[in-house]
$ cat my_file23.txt   # compact mmCIF, C-alpha atoms and all ligand atoms
# COMPACT_ATOMS: atom_id res chain seq x y z
CA MET A 4 25.11 185.75 92.50
CA GLN A 5 28.32 187.31 91.31
CA GLU A 6 29.89 186.27 94.58
CA LYS A 7 28.79 182.69 94.13
CA LEU A 8 30.30 182.64 90.64
CA ASN A 9 33.59 184.04 91.94
CA GLU A 10 33.65 181.44 94.66
CA ILE A 11 33.14 178.61 92.15
CA ARG A 12 35.73 180.10 89.84
CA GLN A 13 38.33 180.32 92.60
CA SER A 14 37.68 176.90 94.05
CA VAL A 15 37.92 175.27 90.60
CA ARG A 16 41.16 177.12 89.89
CA ALA A 17 42.60 175.98 93.24
CA LYS A 18 41.54 172.37 92.70
CA LEU A 19 43.02 172.37 89.19
CA ASP A 20 46.31 173.79 90.39
CA ALA A 21 46.53 171.04 92.96
CA ALA A 22 45.47 168.25 90.59
CA ALA A 23 48.15 165.64 90.07
CA GLY A 24 46.58 163.19 87.61
CA SER A 25 44.16 163.13 84.68
CA ALA A 26 41.67 161.11 86.78
CA SER A 27 41.26 163.98 89.27
CA ILE A 28 40.54 166.40 86.38
CA GLU A 29 37.52 164.31 85.52
CA ASP A 30 36.35 164.51 89.17
CA ILE A 31 36.67 168.28 89.09
CA ARG A 32 34.72 168.47 85.85
CA VAL A 33 31.91 166.38 87.28
CA SER A 34 31.80 168.42 90.50
CA VAL A 35 31.25 171.68 88.56
CA LEU A 36 29.75 170.85 85.18
CA GLY A 37 28.24 167.43 85.86
CA ARG A 38 24.50 166.80 86.28
CA LYS A 39 24.79 167.55 89.98
CA GLY A 40 27.62 170.02 89.55
CA GLU A 41 27.72 173.44 91.19
CA LEU A 42 27.40 175.44 87.96
CA THR A 43 24.65 173.16 86.68
CA ALA A 44 22.75 173.80 89.92
CA LEU A 45 23.03 177.55 89.32
CA LEU A 46 21.66 177.18 85.79
CA LYS A 47 18.80 175.05 87.08
CA GLY A 48 17.92 177.72 89.64
CA MET A 49 17.59 180.39 86.95
CA GLY A 50 13.87 179.84 86.75
CA LYS A 51 13.53 181.62 90.04
CA LEU A 52 15.09 184.76 88.62
CA SER A 53 13.22 187.68 87.13
CA PRO A 54 13.03 187.82 83.31
CA GLU A 55 15.40 190.80 83.34
CA GLU A 56 18.04 189.12 85.42
CA ARG A 57 17.89 185.83 83.56
CA PRO A 58 19.89 186.72 80.41
CA ILE A 59 22.54 188.58 82.40
CA VAL A 60 23.09 185.75 84.85
CA GLY A 61 22.81 183.19 82.05
CA GLN A 62 25.55 184.98 80.16
CA LYS A 63 27.82 185.12 83.21
CA VAL A 64 27.29 181.45 84.05
CA ASN A 65 27.95 180.43 80.46
CA ALA A 66 31.07 182.60 80.33
CA LEU A 67 32.39 180.94 83.47
CA ARG A 68 31.44 177.55 82.11
CA ALA A 69 33.42 178.24 78.91
CA GLU A 70 36.36 179.47 80.90
CA ILE A 71 36.35 176.40 83.17
CA GLU A 72 36.04 174.05 80.19
CA GLY A 73 39.10 175.74 78.67
CA TRP A 74 41.03 175.26 81.89
CA LEU A 75 40.00 171.64 82.15
CA GLU A 76 41.07 170.99 78.61
CA ARG A 77 44.45 172.65 79.00
CA LYS A 78 45.13 171.09 82.38
CA SER A 79 44.24 167.59 81.21
CA ALA A 80 46.39 167.98 78.07
CA GLU A 81 49.23 169.21 80.27
CA LEU A 82 48.88 166.29 82.66
CA ALA A 83 48.56 163.75 79.84
CA GLU A 84 51.78 165.09 78.33
CA LYS A 85 53.55 164.91 81.69
CA GLU A 86 52.34 161.36 82.29
CA LYS A 87 53.53 160.36 78.82
CA GLU A 88 56.95 161.83 79.51
CA GLN A 89 57.18 160.00 82.81
CA ARG A 90 56.17 156.75 81.16
CA LEU A 91 58.75 157.20 78.41
CA ALA A 92 61.48 157.96 80.93
CA ALA A 93 60.59 154.87 82.97
CA GLU A 94 60.40 152.59 79.94
CA THR A 95 63.60 153.76 78.28
CA LEU A 96 66.15 151.05 77.54
CA ASP A 97 69.50 152.61 78.39
CA ILE A 98 71.83 151.07 75.84
CA SER A 99 74.73 153.15 77.12
CA ILE A 100 75.22 150.85 80.16
CA PRO A 101 78.42 148.81 79.66
CA GLY A 102 77.71 145.12 78.98
CA GLU A 103 78.85 142.22 81.11
CA ALA A 104 82.41 141.40 80.03
CA VAL A 105 82.74 137.85 78.69
CA ALA A 106 85.61 136.11 80.47
CA MET A 107 87.99 134.94 77.77
CA GLY A 108 90.32 132.09 78.54
CA ASN A 109 93.70 131.50 76.97
CA GLU A 110 95.67 128.48 75.95
CA HIS A 111 97.60 126.73 78.73
CA PRO A 112 101.36 127.30 78.27
CA LEU A 113 101.90 123.52 78.14
CA SER A 114 99.37 123.13 75.31
CA ALA A 115 100.85 126.13 73.48
CA THR A 116 104.35 124.61 73.69
CA LEU A 117 103.15 121.19 72.61
CA GLU A 118 101.27 122.71 69.65
CA LYS A 119 104.45 124.51 68.64
CA ILE A 120 106.54 121.32 68.90
CA ILE A 121 103.97 119.37 66.89
CA SER A 122 103.90 122.03 64.20
CA ILE A 123 107.72 122.06 63.92
CA PHE A 124 107.89 118.28 63.44
CA THR A 125 104.89 117.92 61.19
CA GLY A 126 106.56 120.65 59.10
CA MET A 127 109.52 118.26 58.74
CA GLY A 128 107.25 115.45 57.55
CA PHE A 129 106.55 113.66 60.84
CA SER A 130 103.07 112.42 61.65
CA VAL A 131 101.50 112.24 65.12
CA ALA A 132 100.96 108.81 66.75
CA GLU A 133 99.16 108.21 70.02
CA GLY A 134 98.68 105.30 72.39
CA PRO A 135 97.19 104.32 75.76
CA GLU A 136 98.37 105.78 79.06
CA VAL A 137 97.49 102.51 80.81
CA GLU A 138 100.02 100.29 79.10
CA LEU A 139 101.31 96.74 79.03
CA ASP A 140 104.74 96.05 80.54
CA LYS A 141 105.59 94.48 77.20
CA TYR A 142 105.33 97.76 75.24
CA ASN A 143 106.58 100.08 77.97
CA PHE A 144 109.67 98.01 78.86
CA GLU A 145 110.26 94.58 77.35
CA LEU A 146 110.16 95.45 73.64
CA LEU A 147 112.35 98.46 74.40
CA ASN A 148 115.17 96.24 75.61
CA LEU A 149 114.23 96.51 79.28
CA PRO A 150 113.47 92.92 80.30
CA LYS A 151 111.92 92.22 83.70
CA ASN A 152 114.42 92.91 86.51
CA HIS A 153 116.60 95.08 84.25
CA PRO A 154 118.31 97.61 86.58
CA ALA A 155 117.48 100.56 84.24
CA ARG A 156 113.82 100.06 85.19
CA ASP A 157 114.65 101.67 88.54
CA ALA A 158 115.02 105.05 86.85
CA GLN A 159 111.45 104.76 85.60
CA ASP A 160 109.53 103.36 88.54
CA THR A 161 105.81 103.71 88.01
CA PHE A 162 102.32 102.74 89.21
CA TYR A 163 101.38 99.11 88.59
CA PHE A 164 97.86 97.73 88.29
CA ASN A 165 99.30 94.22 88.32
CA GLU A 166 102.52 92.61 87.17
CA ASN A 167 101.82 93.35 83.51
CA ILE A 168 99.71 96.50 83.46
CA LEU A 169 101.11 99.87 84.43
CA LEU A 170 100.91 103.61 83.80
CA ARG A 171 103.35 104.27 80.96
CA THR A 172 106.61 105.92 82.02
CA HIS A 173 107.35 107.42 78.60
CA THR A 174 105.65 107.58 75.21
CA SER A 175 108.18 105.11 73.76
CA PRO A 176 105.58 102.27 73.91
CA VAL A 177 103.75 104.14 71.14
CA GLN A 178 106.92 103.75 69.07
CA ALA A 179 107.01 99.99 69.77
CA ARG A 180 103.34 99.70 68.79
CA THR A 181 103.99 101.66 65.58
CA MET A 182 107.01 99.53 64.60
CA LEU A 183 104.93 96.39 65.12
CA SER A 184 102.07 97.66 62.99
CA GLN A 185 103.80 99.66 60.22
CA LYS A 186 106.56 99.01 57.75
CA PRO A 187 109.45 101.49 57.36
CA PRO A 188 109.88 104.25 56.43
CA ILE A 189 108.50 105.46 59.77
CA ARG A 190 108.58 109.09 60.81
CA ILE A 191 106.42 109.79 63.87
CA ILE A 192 106.21 111.92 66.99
CA CYS A 193 104.36 110.64 70.06
CA PRO A 194 103.06 113.36 72.36
CA GLY A 195 101.25 112.50 75.59
CA ARG A 196 100.98 112.16 79.34
CA VAL A 197 103.39 109.89 81.18
CA TYR A 198 103.71 108.77 84.82
CA ARG A 199 106.48 108.00 87.27
CA ALA A 200 106.61 107.27 90.98
CA ASP A 201 108.49 110.53 91.62
CA GLU A 202 108.17 112.88 94.58
CA VAL A 203 106.77 116.31 93.67
CA ASP A 204 109.31 119.13 93.63
CA ALA A 205 110.25 122.09 91.42
CA THR A 206 111.45 119.80 88.60
CA HIS A 207 109.56 116.53 89.24
CA SER A 208 105.94 115.45 89.07
CA PRO A 209 104.35 111.97 89.03
CA VAL A 210 102.44 113.12 85.92
CA PHE A 211 104.15 114.99 83.13
CA SER A 212 104.19 115.19 79.34
CA GLN A 213 106.56 114.08 76.67
CA CYS A 214 106.90 114.28 72.95
CA GLU A 215 109.04 111.46 71.66
CA GLY A 216 110.08 110.95 68.06
CA LEU A 217 111.10 108.01 65.88
CA VAL A 218 112.53 107.77 62.39
CA ILE A 219 113.29 104.45 60.72
CA ASP A 220 114.46 103.99 57.17
CA GLU A 221 117.38 102.68 55.17
CA GLY A 222 120.60 104.57 55.79
CA ILE A 223 119.46 106.74 58.71
CA THR A 224 122.50 108.01 60.65
CA MET A 225 123.34 110.01 63.73
CA GLY A 226 123.89 112.95 61.34
CA ASP A 227 120.17 112.86 60.50
CA LEU A 228 119.37 112.93 64.23
CA LYS A 229 121.69 115.90 64.78
CA GLY A 230 120.28 117.79 61.78
CA THR A 231 116.68 117.13 62.85
CA LEU A 232 117.26 118.27 66.44
CA ASP A 233 119.26 121.35 65.34
CA THR A 234 116.36 122.36 63.10
CA PHE A 235 113.92 121.75 65.93
CA ALA A 236 115.96 123.86 68.41
CA ARG A 237 116.29 126.73 65.94
CA GLU A 238 112.57 126.70 65.13
CA LEU A 239 111.65 126.62 68.81
CA TYR A 240 114.11 129.14 70.28
CA GLY A 241 115.29 131.18 67.27
CA GLU A 242 118.37 131.73 65.10
CA GLY A 243 121.77 131.10 66.65
CA ILE A 244 120.52 128.13 68.70
CA SER A 245 122.12 124.72 68.14
CA THR A 246 122.46 121.41 69.98
CA ARG A 247 125.24 119.61 71.78
CA PHE A 248 125.30 115.84 72.29
CA ARG A 249 126.79 114.29 75.45
CA PRO A 250 127.28 110.51 75.71
CA SER A 251 124.60 108.82 77.77
CA PHE A 252 122.81 105.52 78.22
CA PHE A 253 119.33 104.28 77.34
CA PRO A 254 118.64 100.57 76.89
CA PHE A 255 116.59 101.26 73.74
CA THR A 256 119.21 103.36 71.91
CA GLU A 257 122.84 102.74 71.05
CA PRO A 258 124.71 105.04 71.00
CA SER A 259 122.69 107.34 73.27
CA ALA A 260 123.01 111.03 74.05
CA GLU A 261 121.76 113.69 76.39
CA VAL A 262 121.01 116.65 74.16
CA ASP A 263 121.60 120.25 75.26
CA VAL A 264 120.45 123.36 73.39
CA THR A 265 122.15 126.75 73.44
CA CYS A 266 120.78 128.73 76.39
CA ALA A 267 118.22 131.03 74.76
CA ALA A 268 118.52 133.56 77.59
CA CYS A 269 122.23 134.34 77.08
CA LYS A 270 122.72 132.85 73.58
CA GLY A 271 125.47 130.59 74.94
CA LYS A 272 127.51 133.17 76.82
CA GLY A 273 126.68 131.69 80.23
CA CYS A 274 124.14 133.05 82.72
CA ARG A 275 122.22 132.19 85.87
CA ILE A 276 119.62 130.14 83.97
CA CYS A 277 122.21 127.83 82.35
CA LYS A 278 124.39 127.94 85.47
CA GLY A 279 127.17 129.58 83.50
CA THR A 280 127.55 126.73 80.97
CA GLY A 281 125.74 128.30 77.99
CA TRP A 282 123.81 125.02 77.49
CA ILE A 283 120.52 123.62 78.72
CA GLU A 284 119.56 119.94 78.66
CA ILE A 285 116.14 119.37 77.11
CA LEU A 286 116.05 115.85 75.73
CA GLY A 287 117.43 112.33 75.43
CA ALA A 288 118.13 110.70 72.07
CA GLY A 289 120.07 108.00 70.23
CA MET A 290 120.14 105.46 67.43
CA VAL A 291 117.49 102.79 67.91
CA ASN A 292 119.11 99.69 69.43
CA PRO A 293 119.14 96.83 66.85
CA ASN A 294 117.64 94.55 69.53
CA VAL A 295 114.59 96.82 69.68
CA LEU A 296 114.22 96.81 65.89
CA GLU A 297 114.44 93.03 65.84
CA MET A 298 111.95 92.53 68.70
CA CYS A 299 109.54 94.87 66.90
CA GLY A 300 109.80 92.94 63.63
CA ILE A 301 112.12 95.25 61.68
CA ASP A 302 115.23 93.86 59.98
CA PRO A 303 118.24 95.60 61.65
CA THR A 304 120.56 94.60 58.81
CA LYS A 305 118.42 96.62 56.41
CA TYR A 306 117.08 99.48 58.52
CA THR A 307 118.48 101.92 61.02
CA GLY A 308 116.73 104.66 62.93
CA PHE A 309 116.91 107.33 65.57
CA ALA A 310 114.67 108.23 68.49
CA PHE A 311 114.41 111.15 70.88
CA GLY A 312 112.30 112.15 73.86
CA ILE A 313 111.46 115.75 74.81
CA GLY A 314 110.08 116.80 78.21
CA ILE A 315 107.32 119.31 77.48
CA GLU A 316 107.25 120.87 80.97
CA ARG A 317 110.98 121.54 80.86
CA VAL A 318 110.83 123.11 77.40
CA THR A 319 107.80 125.20 78.45
CA ASN A 320 109.43 126.49 81.62
CA LEU A 321 112.61 127.40 79.77
CA LYS A 322 110.63 129.14 77.08
CA TYR A 323 108.56 131.23 79.50
CA ASN A 324 111.13 131.47 82.30
CA VAL A 325 108.89 129.65 84.81
CA PRO A 326 110.95 128.53 87.83
CA ASP A 327 108.73 125.74 89.18
CA MET A 328 107.01 122.87 87.38
CA ARG A 329 104.18 122.79 89.94
CA LEU A 330 102.91 126.14 88.63
CA LEU A 331 101.90 124.37 85.42
CA PHE A 332 99.55 122.01 87.26
CA GLU A 333 98.06 124.14 90.02
CA ASN A 334 95.62 125.94 87.70
CA ASP A 335 96.00 129.23 89.52
CA LEU A 336 94.38 131.82 87.25
CA ARG A 337 96.82 134.51 88.42
CA PHE A 338 99.57 132.42 86.83
CA LEU A 339 97.72 131.12 83.78
CA SER A 340 96.23 134.45 82.69
CA GLN A 341 99.73 135.82 82.09
CA PHE A 342 100.02 133.63 79.00
CA GLY A 343 97.24 135.17 76.94
CA LYS A 344 95.85 138.45 75.77
CA GLY A 345 92.36 137.52 76.98
CA ARG A 346 91.33 137.76 80.60
CA VAL A 347 90.72 134.53 82.47
N1 LIG B 401 112.15 107.39 76.67
C1 LIG B 401 113.20 108.19 77.27
C2 LIG B 401 112.72 108.72 78.61
O1 LIG B 401 111.56 108.87 78.80
C3 LIG B 401 113.60 109.34 76.41
C4 LIG B 401 114.27 108.86 75.16
C5 LIG B 401 113.50 108.59 74.04
C6 LIG B 401 115.63 108.69 75.12
C7 LIG B 401 114.12 108.14 72.89
C8 LIG B 401 116.24 108.26 73.96
C9 LIG B 401 115.48 107.98 72.86
O2 LIG B 401 113.53 108.97 79.47

$ encode --input "my_file23.txt" --output "structure tokens"
Amino acid sequence: MQEKLNEIRQSVRAKLDAAAGSASIEDIRVSVLGRKGELTALLKGMGKLSPEERPIVGQKVNALRAEIEGWLERKSAELAEKEKEQRLAAETLDISIPGEAVAMGNEHPLSATLEKIISIFTGMGFSVAEGPEVELDKYNFELLNLPKNHPARDAQDTFYFNENILLRTHTSPVQARTMLSQKPPIRIICPGRVYRADEVDATHSPVFSQCEGLVIDEGITMGDLKGTLDTFARELYGEGISTRFRPSFFPFTEPSAEVDVTCAACKGKGCRICKGTGWIEILGAGMVNPNVLEMCGIDPTKYTGFAFGIGIERVTNLKYNVPDMRLLFENDLRFLSQFGKGRV
């Protein structure tokens, strides 16, 4: 009998040591203590024992039973704890993993330059006027003193839809539209896209951007133009920058000038960027031709005005030292991402 009890004790111990889950503990319990369990069978067989043996064996069986129950309890608590730990480890949300970086864009250098130009002029009291890119010949050329077959049209060849509809070659038609619809005083800038039938190279593109300006009032002189453009150049490039006017020709202004600004790279001393001259050409300007005023319904004996046209790509490339205009249009992120703090 004692042997049988030892055998049961050892086999239960071995099974418990090998048990891997709480379900197998229950199987072990049933196999020993269940209705058909080994220990239960021993207890049932007690009737066959002599009255003297019975209490001794009964005691031993009960002792083993208590011991096994203790083991079962401990083992199942141990396994339940382990399973809980495993579950917790598997379900943990690891908030220490770095998040997905949000790709931040940055402003295009052309837009940044245009915004700056607009803010300088609106600061001087100009307002922004806009007009269509598909324009009538009348506004783009005729009202600006460029009648059909005028030779100066050659310098601004463009894309025609038909004889009278074209892609505007400058934003000056917005000025003509404004003069026709508003009474002086007029003080506007006209930013926007313009088009010319030009071959693409480092300084030319069939699509580019301008910001033109127009001021009309009584007593406006070339001195006002010079003062306005000097202020603009200083605001854009910094102290010590001024402008230089060289005589030029535009059919819509008289007199006309090509306007240079002090080279910001060498402050006028002369360097590679300004080809040793100390000056860089950035715009065309002049006093509005009286013919234009008259054609646009403004009395030239009462009013005078000035106009100017700035090439945004040129100003941008000078500002950021970009050698080729095509870089501004190619949308290569390796180029564009250099202009912002954010990553593109
Ligand atoms: N419209 C001219 C151009 O595009 C620029 C300009 C504007 C020149 C106003 C003088 C006055 O070339």

$ residues_near_point --input "my_file23.txt" --point "(44.0, 171.8, 91.3)" --cutoff "12 Å" --atoms "all atoms listed in the file" --output "PyMOL selection string"
chain A and resi 12-32+74-75+78-79+82

$ write_last_selection --input "my_file23.txt" --atoms "C-alpha atoms" --output "JSON list (two decimals), keeping the file's coordinate frame"
[["chain", "number", "residue", "atom", "x", "y", "z"],
["A", 12, "ARG", "CA", 35.73, 180.10, 89.84],
["A", 13, "GLN", "CA", 38.33, 180.32, 92.60],
["A", 14, "SER", "CA", 37.68, 176.90, 94.05],
["A", 15, "VAL", "CA", 37.92, 175.27, 90.60],
["A", 16, "ARG", "CA", 41.16, 177.12, 89.89],
["A", 17, "ALA", "CA", 42.60, 175.98, 93.24],
["A", 18, "LYS", "CA", 41.54, 172.37, 92.70],
["A", 19, "LEU", "CA", 43.02, 172.37, 89.19],
["A", 20, "ASP", "CA", 46.31, 173.79, 90.39],
["A", 21, "ALA", "CA", 46.53, 171.04, 92.96],
["A", 22, "ALA", "CA", 45.47, 168.25, 90.59],
["A", 23, "ALA", "CA", 48.15, 165.64, 90.07],
["A", 24, "GLY", "CA", 46.58, 163.19, 87.61],
["A", 25, "SER", "CA", 44.16, 163.13, 84.68],
["A", 26, "ALA", "CA", 41.67, 161.11, 86.78],
["A", 27, "SER", "CA", 41.26, 163.98, 89.27],
["A", 28, "ILE", "CA", 40.54, 166.40, 86.38],
["A", 29, "GLU", "CA", 37.52, 164.31, 85.52],
["A", 30, "ASP", "CA", 36.35, 164.51, 89.17],
["A", 31, "ILE", "CA", 36.67, 168.28, 89.09],
["A", 32, "ARG", "CA", 34.72, 168.47, 85.85],
["A", 74, "TRP", "CA", 41.03, 175.26, 81.89],
["A", 75, "LEU", "CA", 40.00, 171.64, 82.15],
["A", 78, "LYS", "CA", 45.13, 171.09, 82.38],
["A", 79, "SER", "CA", 44.24, 167.59, 81.21],
["A", 82, "LEU", "CA", 48.88, 166.29, 82.66]]

$ residues_near_ligand --input "my_file23.txt" --ligand "ligand LIG 401 (chain B)" --cutoff "10 Å" --atoms "only C-alpha atoms and all ligand atoms" --output "number ranges by chain"
A: 143-144, 147, 158-159, 171-176, 178, 197-199, 212-217, 251-262, 286-292, 309-314

$ axis_aligned_box --input "my_file23.txt" --around "region 217-230 of chain A" --padding-each-side "5 Å" --output "AutoDock Vina command-line options"
--center_x 117.5 --center_y 110.2 --center_z 60.5 --size_x 22.8 --size_y 25.1 --size_z 20.7

$ closest_residue --input "my_file23.txt" --among "A:Gly271, A:Pro293, A:Gly279, A:Gly230" --to "Met127 (chain A)" --atoms "all atoms listed in the file"
A:Gly230

$ atom_distance --input "my_file23.txt" --atom1 "CA of Pro150 (chain A)" --atom2 "CA of Glu297 (chain A)"
14.5 Å

$ residues_near_point --input "my_file23.txt" --point "(108.7, 126.5, 77.8)" --cutoff "10 Å" --atoms "all atoms listed in the file" --output "PyMOL selection string"
chain A and resi 112-113+115-117+239-240+314-325

$ write_last_selection --input "my_file23.txt" --atoms "C-alpha atoms" --output "PDB file, in the frame of the given file"
ATOM      1  CA  PRO A 112     101.360 127.300  78.270  1.00  0.00           C
ATOM      2  CA  LEU A 113     101.900 123.520  78.140  1.00  0.00           C
ATOM      3  CA  ALA A 115     100.850 126.130  73.480  1.00  0.00           C
ATOM      4  CA  THR A 116     104.350 124.610  73.690  1.00  0.00           C
ATOM      5  CA  LEU A 117     103.150 121.190  72.610  1.00  0.00           C
ATOM      6  CA  LEU A 239     111.650 126.620  68.810  1.00  0.00           C
ATOM      7  CA  TYR A 240     114.110 129.140  70.280  1.00  0.00           C
ATOM      8  CA  GLY A 314     110.080 116.800  78.210  1.00  0.00           C
ATOM      9  CA  ILE A 315     107.320 119.310  77.480  1.00  0.00           C
ATOM     10  CA  GLU A 316     107.250 120.870  80.970  1.00  0.00           C
ATOM     11  CA  ARG A 317     110.980 121.540  80.860  1.00  0.00           C
ATOM     12  CA  VAL A 318     110.830 123.110  77.400  1.00  0.00           C
ATOM     13  CA  THR A 319     107.800 125.200  78.450  1.00  0.00           C
ATOM     14  CA  ASN A 320     109.430 126.490  81.620  1.00  0.00           C
ATOM     15  CA  LEU A 321     112.610 127.400  79.770  1.00  0.00           C
ATOM     16  CA  LYS A 322     110.630 129.140  77.080  1.00  0.00           C
ATOM     17  CA  TYR A 323     108.560 131.230  79.500  1.00  0.00           C
ATOM     18  CA  ASN A 324     111.130 131.470  82.300  1.00  0.00           C
ATOM     19  CA  VAL A 325     108.890 129.650  84.810  1.00  0.00           C
TER      20      VAL A 325
END

$ residues_around --input "my_file23.txt" --residues "Val60 (chain A)" --least-positions-apart "2" --cutoff "9 Å" --atoms "all atoms listed in the file" --output "number ranges by chain"
A: 4-5, 46, 49, 52, 56-58, 62-65

$ closest_residue --input "my_file23.txt" --among "A:Arg237, A:Lys39, A:Lys186, A:Lys87" --to "Asp302 (chain A)" --atoms "all atoms listed in the file"
A:Lys186

$ atom_distance --input "my_file23.txt" --atom1 "CA of Pro188 (chain A)" --atom2 "CA of Ser122 (chain A)"
20.3 Å

$ closest_residue --input "my_file23.txt" --among "A:Glu55, A:Glu333, A:Glu238, A:Asp220" --to "Ile121 (chain A)" --atoms "only C-alpha atoms"
A:Glu238

$ atom_distance --input "my_file23.txt" --atom1 "CA of Glu166 (chain A)" --atom2 "CA of Arg196 (chain A)"
21.1 Å

$ residues_around --input "my_file23.txt" --residues "Phe124 (chain A)" --least-positions-apart "5" --cutoff "12 Å" --atoms "all atoms listed in the file" --output "list in words"
Leu117, Glu118, Lys119, Phe129, Ser130, Val131, Arg190, Ile191, Ile192, Cys193, Pro194, Cys214, Glu215, Gly216, Leu217, Val218, Thr231, Leu232, Asp233, Thr234, Phe235, Ala236, Glu238 and Leu239 of chain A

$ closest_residue --input "my_file23.txt" --among "A:Leu42, A:Ile189, A:Ala267, A:Cys277" --to "Ile301 (chain A)" --atoms "only C-alpha atoms"
A:Ile189

$ build_atoms --input "my_file23.txt" --residues "region 259-270 of chain A" --atoms "N, CA, C and O atoms" --output "JSON list (two decimals), keeping the file's coordinate frame"
[["chain", "number", "residue", "atom", "x", "y", "z"],
["A", 259, "SER", "N", 123.71, 106.45, 72.70],
["A", 259, "SER", "CA", 122.69, 107.34, 73.27],
["A", 259, "SER", "C", 123.33, 108.67, 73.64],
["A", 259, "SER", "O", 124.53, 108.74, 73.88],
["A", 260, "ALA", "N", 122.50, 109.70, 73.70],
["A", 260, "ALA", "CA", 123.01, 111.03, 74.05],
["A", 260, "ALA", "C", 122.02, 111.82, 74.86],
["A", 260, "ALA", "O", 120.80, 111.67, 74.70],
["A", 261, "GLU", "N", 122.56, 112.63, 75.78],
["A", 261, "GLU", "CA", 121.76, 113.69, 76.39],
["A", 261, "GLU", "C", 121.96, 114.88, 75.47],
["A", 261, "GLU", "O", 123.10, 115.18, 75.08],
["A", 262, "VAL", "N", 120.88, 115.55, 75.12],
["A", 262, "VAL", "CA", 121.01, 116.65, 74.16],
["A", 262, "VAL", "C", 120.77, 117.99, 74.84],
["A", 262, "VAL", "O", 119.74, 118.19, 75.48],
["A", 263, "ASP", "N", 121.74, 118.89, 74.71],
["A", 263, "ASP", "CA", 121.60, 120.25, 75.26],
["A", 263, "ASP", "C", 121.33, 121.20, 74.10],
["A", 263, "ASP", "O", 121.79, 120.98, 72.99],
["A", 264, "VAL", "N", 120.60, 122.29, 74.40],
["A", 264, "VAL", "CA", 120.45, 123.36, 73.39],
["A", 264, "VAL", "C", 121.13, 124.60, 73.94],
["A", 264, "VAL", "O", 121.26, 124.77, 75.15],
["A", 265, "THR", "N", 121.56, 125.47, 73.03],
["A", 265, "THR", "CA", 122.15, 126.75, 73.44],
["A", 265, "THR", "C", 121.17, 127.45, 74.36],
["A", 265, "THR", "O", 119.97, 127.50, 74.07],
["A", 266, "CYS", "N", 121.66, 128.00, 75.46],
["A", 266, "CYS", "CA", 120.78, 128.73, 76.39],
["A", 266, "CYS", "C", 120.20, 129.94, 75.65],
["A", 266, "CYS", "O", 120.94, 130.82, 75.20],
["A", 267, "ALA", "N", 118.87, 129.95, 75.53],
["A", 267, "ALA", "CA", 118.22, 131.03, 74.76],
["A", 267, "ALA", "C", 118.31, 132.36, 75.49],
["A", 267, "ALA", "O", 118.27, 133.42, 74.87],
["A", 268, "ALA", "N", 118.49, 132.31, 76.81],
["A", 268, "ALA", "CA", 118.52, 133.56, 77.59],
["A", 268, "ALA", "C", 119.81, 134.33, 77.34],
["A", 268, "ALA", "O", 119.80, 135.56, 77.23],
["A", 269, "CYS", "N", 120.95, 133.62, 77.23],
["A", 269, "CYS", "CA", 122.23, 134.34, 77.08],
["A", 269, "CYS", "C", 122.88, 134.02, 75.73],
["A", 269, "CYS", "O", 123.99, 134.47, 75.47],
["A", 270, "LYS", "N", 122.20, 133.26, 74.89],
["A", 270, "LYS", "CA", 122.72, 132.85, 73.58],
["A", 270, "LYS", "C", 124.09, 132.16, 73.70],
["A", 270, "LYS", "O", 124.97, 132.33, 72.85]]
